[in-house]
Amino acid sequence: MAKTSRSLLHLAAFALLLGTIGVARATAASVDGIPLHWTSAGAGPQTLMLVHGWTCDDSSWSGQVPALTRQYRVLTLDLPGHGKSGRLDASKFSMDLFARAVEAVRAEAGADRLVLVGHSMGTPVIRQYARLYPQHVTALVLVDGVVVLGAPPRPGVQPAQAPVADRMKGPDGPKNREAMIRGMFTPATPKPLQEHVLKMMMAAPEATAYGAMVATFDPKIWGSDVMTMPVLGIFADKSALGNPEVTKKIFPNYEHHEVPGTGHFVMMEKPQEFNRLLTAFVDRLGTH
């Protein structure tokens, strides 16, 4: 009975997580002629921009928007090729394009400075944004994303990413994508959450799966340039992606947290703990 009750609680909590969010559907924004889906809700002393990961969409933040809009203005978007935003050819994807999409939303929203929160692939997206538009950045929040690649890339534009990205194409592409996605879960990841993530990520077209993967591993974006704004890292339990010692060389004002009992989708698996860490960090920004 106790196990059944816990399962029912998990299902009820996840149903609330995916429930309708009272956000304003925003006016038009686009980048390179690609229409962008974005939303704005709430008000407060800080504006947060939530940036999803590879083949995901803004529903990744369903556990954050209702809580964060009690204190802040919150912007979300679907990156080009993702979710409800416009499609594009695989060859057109780049981190610069993603960063400029974030800027298009910021400008359309009329926000001046942003606390940028990026999950997974969203981490290099917000880092690239900070390179291109430092005047609009208050702070960065890295959510289980890579800051430094594990090995230096060989010379050339696409040496490291091609083997991984190529598995996203062709007859075996869907099977390989599903296997990659399932590897992001842990035994503790609730089944309804797994099903939602699988449905969300598998809905992205092949061009997005391949093109966004190539963009993520483009050696040109993996520099060691130092950024001095406040940076928070929220990582999964024992995440292989989090390396605070190396990260602090790039982000001197960095603080690192791991959330016990979570997999890659830490903000969806433990939304209350995630939101607590995020709001505590944002509330301290007034002292900087």
# chains A, B, ... in the order shown; residues from 1 in each chain; ligands from 1

call {"tool": "closest_atom_pairs", "arguments": {"of": "segment 20-131 of chain A", "to": "segment 277-286 of chain A", "cutoff": "10 Å", "atoms": "only C-alpha atoms", "output": "CSV"}}
result
residue,atom,partner,partner_atom,distance
A:Pro45,CA,A:Gly286,CA,8.9
A:Gln46,CA,A:Val282,CA,7.7
A:Thr47,CA,A:Val282,CA,9.8
A:Leu48,CA,A:Val282,CA,9.1
A:Gln64,CA,A:Leu278,CA,9.7
A:Ala67,CA,A:Thr279,CA,9.5
A:Leu68,CA,A:Thr279,CA,7.6
A:Gln71,CA,A:Thr279,CA,8.7
A:Tyr72,CA,A:Thr279,CA,9.4
A:Val115,CA,A:Val282,CA,7.9
A:Val117,CA,A:Leu278,CA,9.2

call {"tool": "residues_around", "arguments": {"residues": "segment 89-103 of chain A", "least_positions_apart": "2", "cutoff": "10 Å", "atoms": "only C-alpha atoms", "output": "number ranges by chain"}}
result
A: 29-32, 34-36, 38, 49-51, 75-81, 87, 105-109, 111, 116, 121-122, 124-133, 136, 205-218, 220-221

call {"tool": "closest_residue", "arguments": {"among": "A:Val266, A:Leu88, A:Ala28, A:Cys56", "to": "Lys199 of chain A", "atoms": "only C-alpha atoms"}}
result
A:Cys56

call {"tool": "closest_residue", "arguments": {"among": "A:Gly183, A:Gly233, A:Pro192, A:Pro171", "to": "Leu142 of chain A", "atoms": "only C-alpha atoms"}}
result
A:Gly233

call {"tool": "residues_around", "arguments": {"residues": "Pro260 of chain A", "least_positions_apart": "5", "cutoff": "10 Å", "atoms": "only C-alpha atoms", "output": "list in words"}}
result
Phe235, Ala236, Asp237, Lys238, Val266, Lys270 and Glu273 of chain A

call {"tool": "write_last_selection", "arguments": {"atoms": "C-alpha atoms", "output": "PDB file, in the first residue's frame"}}
result
ATOM      1  CA  PHE A 235      24.264  19.495 -11.542  1.00  0.00           C
ATOM      2  CA  ALA A 236      22.862  16.009 -11.316  1.00  0.00           C
ATOM      3  CA  ASP A 237      23.992  13.629  -8.608  1.00  0.00           C
ATOM      4  CA  LYS A 238      27.624  12.636  -9.292  1.00  0.00           C
ATOM      5  CA  VAL A 266      17.664  17.750 -12.521  1.00  0.00           C
ATOM      6  CA  LYS A 270      13.678  17.685  -8.109  1.00  0.00           C
ATOM      7  CA  GLU A 273      15.267  21.718  -4.585  1.00  0.00           C
TER       8      GLU A 273
END

call {"tool": "select_by_dssp", "arguments": {"residues": "segment 147-234 of chain A", "states": "strand (DSSP E or B)", "output": "ChimeraX atom specification"}}
result
/A:231-234

call {"tool": "write_last_selection", "arguments": {"atoms": "N, CA and C atoms", "output": "PDB file, in the first residue's frame"}}
result
ATOM      1  N   VAL A 231      28.235  33.087 -11.398  1.00  0.00           N
ATOM      2  CA  VAL A 231      27.807  31.878 -12.101  1.00  0.00           C
ATOM      3  C   VAL A 231      27.457  30.808 -11.075  1.00  0.00           C
ATOM      4  N   LEU A 232      26.296  30.195 -11.273  1.00  0.00           N
ATOM      5  CA  LEU A 232      25.843  29.084 -10.443  1.00  0.00           C
ATOM      6  C   LEU A 232      25.809  27.825 -11.285  1.00  0.00           C
ATOM      7  N   GLY A 233      26.290  26.728 -10.737  1.00  0.00           N
ATOM      8  CA  GLY A 233      26.158  25.423 -11.385  1.00  0.00           C
ATOM      9  C   GLY A 233      25.247  24.528 -10.560  1.00  0.00           C
ATOM     10  N   ILE A 234      24.206  23.993 -11.196  1.00  0.00           N
ATOM     11  CA  ILE A 234      23.322  23.024 -10.549  1.00  0.00           C
ATOM     12  C   ILE A 234      23.397  21.746 -11.378  1.00  0.00           C
TER      13      ILE A 234
END

call {"tool": "closest_residue", "arguments": {"among": "A:Gly86, A:Ala104, A:Met184, A:Ala41", "to": "Val65 of chain A", "atoms": "only C-alpha atoms"}}
result
A:Ala41

call {"tool": "select_by_dssp", "arguments": {"residues": "segment 68-251 of chain A", "states": "helix (DSSP H, G or I)", "output": "ChimeraX atom specification"}}
result
/A:68,90-92,95-109,122-132,134-136,162-166,173-182,191-202,206-216,219-221,244-250

call {"tool": "closest_residue", "arguments": {"among": "A:His52, A:Ser60, A:Gln135, A:Gly261", "to": "Pro190 of chain A", "atoms": "only C-alpha atoms"}}
result
A:Gly261

call {"tool": "atom_distance", "arguments": {"atom1": "atom CA of Ala204 of chain A", "atom2": "atom CA of Thr186 of chain A"}}
result
22.7 Å

call {"tool": "residues_around", "arguments": {"residues": "Leu198 of chain A", "least_positions_apart": "2", "cutoff": "12 Å", "atoms": "only C-alpha atoms", "output": "number ranges by chain"}}
result
A: 55-57, 60, 174-175, 177-185, 191-196, 200-204, 265

call {"tool": "write_last_selection", "arguments": {"atoms": "C-alpha atoms", "output": "PDB file, in the first residue's frame"}}
result
ATOM      1  CA  THR A  55      16.021  18.482 -28.969  1.00  0.00           C
ATOM      2  CA  CYS A  56      13.981  19.775 -26.016  1.00  0.00           C
ATOM      3  CA  ASP A  57      11.541  22.686 -25.724  1.00  0.00           C
ATOM      4  CA  SER A  60      11.477  21.541 -19.776  1.00  0.00           C
ATOM      5  CA  PRO A 174      15.676   7.206 -34.058  1.00  0.00           C
ATOM      6  CA  LYS A 175      16.974   4.106 -32.290  1.00  0.00           C
ATOM      7  CA  ARG A 177      18.557   8.942 -30.280  1.00  0.00           C
ATOM      8  CA  GLU A 178      16.264   6.980 -27.982  1.00  0.00           C
ATOM      9  CA  ALA A 179      19.210   5.071 -26.516  1.00  0.00           C
ATOM     10  CA  MET A 180      21.045   8.341 -25.853  1.00  0.00           C
ATOM     11  CA  ILE A 181      17.998   9.873 -24.185  1.00  0.00           C
ATOM     12  CA  ARG A 182      17.358   6.832 -21.989  1.00  0.00           C
ATOM     13  CA  GLY A 183      20.958   7.077 -20.807  1.00  0.00           C
ATOM     14  CA  MET A 184      20.098  10.453 -19.258  1.00  0.00           C
ATOM     15  CA  PHE A 185      17.765   8.827 -16.711  1.00  0.00           C
ATOM     16  CA  LYS A 191       8.382   6.803 -15.377  1.00  0.00           C
ATOM     17  CA  PRO A 192       5.926   9.598 -16.330  1.00  0.00           C
ATOM     18  CA  LEU A 193       8.858  12.003 -16.519  1.00  0.00           C
ATOM     19  CA  GLN A 194      10.837   9.576 -18.671  1.00  0.00           C
ATOM     20  CA  GLU A 195       7.877   9.257 -21.036  1.00  0.00           C
ATOM     21  CA  HIS A 196       7.473  13.040 -21.268  1.00  0.00           C
ATOM     22  CA  MET A 200       9.530  15.771 -26.294  1.00  0.00           C
ATOM     23  CA  MET A 201      13.007  14.922 -27.551  1.00  0.00           C
ATOM     24  CA  MET A 202      11.986  12.362 -30.165  1.00  0.00           C
ATOM     25  CA  ALA A 203       9.542  14.885 -31.659  1.00  0.00           C
ATOM     26  CA  ALA A 204      12.425  17.020 -32.928  1.00  0.00           C
ATOM     27  CA  PHE A 265      16.948  16.515 -16.028  1.00  0.00           C
TER      28      PHE A 265
END

call {"tool": "atom_distance", "arguments": {"atom1": "atom CA of Pro230 of chain A", "atom2": "atom CA of Ala139 of chain A"}}
result
5.0 Å

call {"tool": "atom_distance", "arguments": {"atom1": "atom CA of Lys248 of chain A", "atom2": "atom CA of Val146 of chain A"}}
result
13.2 Å

call {"tool": "decode", "arguments": {"residues": "segment 100-146 of chain A", "atoms": "N, CA and C atoms", "output": "short mmCIF file (atom, residue, chain, number, x, y, z; two decimals), in the first residue's frame"}}
result
data_model
loop_
_atom_site.label_atom_id
_atom_site.label_comp_id
_atom_site.auth_asym_id
_atom_site.auth_seq_id
_atom_site.Cartn_x
_atom_site.Cartn_y
_atom_site.Cartn_z
N ARG A 100 21.81 34.41 -30.89
CA ARG A 100 21.07 35.51 -31.49
C ARG A 100 19.57 35.34 -31.35
N ALA A 101 19.11 34.08 -31.26
CA ALA A 101 17.69 33.84 -30.98
C ALA A 101 17.34 34.32 -29.57
N VAL A 102 18.21 34.03 -28.62
CA VAL A 102 18.00 34.53 -27.26
C VAL A 102 17.96 36.05 -27.25
N GLU A 103 18.86 36.67 -28.00
CA GLU A 103 18.90 38.14 -28.07
C GLU A 103 17.63 38.69 -28.71
N ALA A 104 17.12 38.01 -29.74
CA ALA A 104 15.89 38.48 -30.38
C ALA A 104 14.73 38.47 -29.40
N VAL A 105 14.66 37.46 -28.57
CA VAL A 105 13.60 37.39 -27.56
C VAL A 105 13.80 38.47 -26.51
N ARG A 106 15.05 38.64 -26.05
CA ARG A 106 15.32 39.69 -25.05
C ARG A 106 14.87 41.06 -25.57
N ALA A 107 15.26 41.35 -26.82
CA ALA A 107 14.92 42.65 -27.38
C ALA A 107 13.41 42.81 -27.54
N GLU A 108 12.74 41.77 -28.02
CA GLU A 108 11.28 41.85 -28.19
C GLU A 108 10.58 41.99 -26.85
N ALA A 109 11.13 41.36 -25.82
CA ALA A 109 10.54 41.43 -24.48
C ALA A 109 10.81 42.77 -23.81
N GLY A 110 11.77 43.54 -24.32
CA GLY A 110 12.09 44.81 -23.72
C GLY A 110 12.86 44.69 -22.41
N ALA A 111 13.55 43.57 -22.23
CA ALA A 111 14.35 43.38 -21.02
C ALA A 111 15.74 43.96 -21.25
N ASP A 112 16.34 44.49 -20.19
CA ASP A 112 17.67 45.08 -20.31
C ASP A 112 18.73 44.04 -20.03
N ARG A 113 18.70 43.48 -18.82
CA ARG A 113 19.72 42.50 -18.41
C ARG A 113 19.04 41.21 -17.99
N LEU A 114 19.75 40.10 -18.20
CA LEU A 114 19.18 38.78 -17.99
C LEU A 114 20.03 37.95 -17.04
N VAL A 115 19.35 37.15 -16.22
CA VAL A 115 19.96 35.99 -15.59
C VAL A 115 19.65 34.83 -16.51
N LEU A 116 20.67 34.28 -17.15
CA LEU A 116 20.49 33.24 -18.16
C LEU A 116 20.66 31.87 -17.52
N VAL A 117 19.65 31.01 -17.69
CA VAL A 117 19.65 29.67 -17.12
C VAL A 117 19.64 28.69 -18.28
N GLY A 118 20.70 27.89 -18.43
CA GLY A 118 20.79 26.98 -19.56
C GLY A 118 20.98 25.55 -19.14
N HIS A 119 20.10 24.66 -19.63
CA HIS A 119 20.20 23.24 -19.33
C HIS A 119 20.89 22.50 -20.47
N SER A 120 21.86 21.65 -20.13
CA SER A 120 22.50 20.77 -21.10
C SER A 120 23.09 21.59 -22.25
N MET A 121 22.64 21.40 -23.49
CA MET A 121 23.11 22.22 -24.60
C MET A 121 22.87 23.69 -24.36
N GLY A 122 21.89 24.03 -23.52
CA GLY A 122 21.64 25.42 -23.18
C GLY A 122 22.80 26.07 -22.47
N THR A 123 23.70 25.28 -21.87
CA THR A 123 24.87 25.85 -21.20
C THR A 123 25.82 26.51 -22.20
N PRO A 124 26.27 25.81 -23.27
CA PRO A 124 27.07 26.54 -24.26
C PRO A 124 26.29 27.65 -24.98
N VAL A 125 24.96 27.52 -25.07
CA VAL A 125 24.17 28.59 -25.68
C VAL A 125 24.31 29.87 -24.86
N ILE A 126 24.10 29.78 -23.54
CA ILE A 126 24.15 31.00 -22.74
C ILE A 126 25.57 31.52 -22.60
N ARG A 127 26.54 30.62 -22.67
CA ARG A 127 27.93 31.08 -22.65
C ARG A 127 28.25 31.87 -23.92
N GLN A 128 27.77 31.38 -25.06
CA GLN A 128 27.98 32.11 -26.30
C GLN A 128 27.25 33.44 -26.28
N TYR A 129 26.05 33.45 -25.71
CA TYR A 129 25.33 34.71 -25.58
C TYR A 129 26.15 35.70 -24.76
N ALA A 130 26.75 35.24 -23.67
CA ALA A 130 27.53 36.13 -22.82
C ALA A 130 28.74 36.68 -23.55
N ARG A 131 29.28 35.91 -24.49
CA ARG A 131 30.40 36.42 -25.30
C ARG A 131 29.92 37.53 -26.23
N LEU A 132 28.77 37.31 -26.86
CA LEU A 132 28.29 38.24 -27.89
C LEU A 132 27.60 39.47 -27.31
N TYR A 133 26.93 39.29 -26.15
CA TYR A 133 26.10 40.37 -25.59
C TYR A 133 26.38 40.55 -24.09
N PRO A 134 27.62 40.77 -23.71
CA PRO A 134 27.93 40.85 -22.27
C PRO A 134 27.19 41.97 -21.56
N GLN A 135 26.82 43.03 -22.29
CA GLN A 135 26.13 44.15 -21.67
C GLN A 135 24.73 43.79 -21.17
N HIS A 136 24.21 42.67 -21.61
CA HIS A 136 22.86 42.26 -21.21
C HIS A 136 22.86 41.10 -20.22
N VAL A 137 24.02 40.76 -19.68
CA VAL A 137 24.13 39.59 -18.81
C VAL A 137 24.38 40.01 -17.36
N THR A 138 23.48 39.58 -16.48
CA THR A 138 23.68 39.77 -15.04
C THR A 138 24.41 38.58 -14.44
N ALA A 139 24.01 37.37 -14.81
CA ALA A 139 24.59 36.15 -14.24
C ALA A 139 24.23 34.98 -15.13
N LEU A 140 24.94 33.87 -14.94
CA LEU A 140 24.69 32.63 -15.66
C LEU A 140 24.38 31.51 -14.67
N VAL A 141 23.50 30.61 -15.08
CA VAL A 141 23.21 29.40 -14.29
C VAL A 141 23.37 28.20 -15.22
N LEU A 142 24.34 27.34 -14.91
CA LEU A 142 24.66 26.17 -15.72
C LEU A 142 23.94 24.97 -15.12
N VAL A 143 23.08 24.31 -15.90
CA VAL A 143 22.28 23.20 -15.38
C VAL A 143 22.73 21.92 -16.08
N ASP A 144 23.57 21.15 -15.40
CA ASP A 144 24.07 19.87 -15.90
C ASP A 144 24.52 19.97 -17.35
N GLY A 145 25.34 20.97 -17.63
CA GLY A 145 25.87 21.17 -18.97
C GLY A 145 27.38 21.20 -18.98
N VAL A 146 27.96 20.96 -20.14
CA VAL A 146 29.41 20.93 -20.30
C VAL A 146 29.96 22.35 -20.36
#
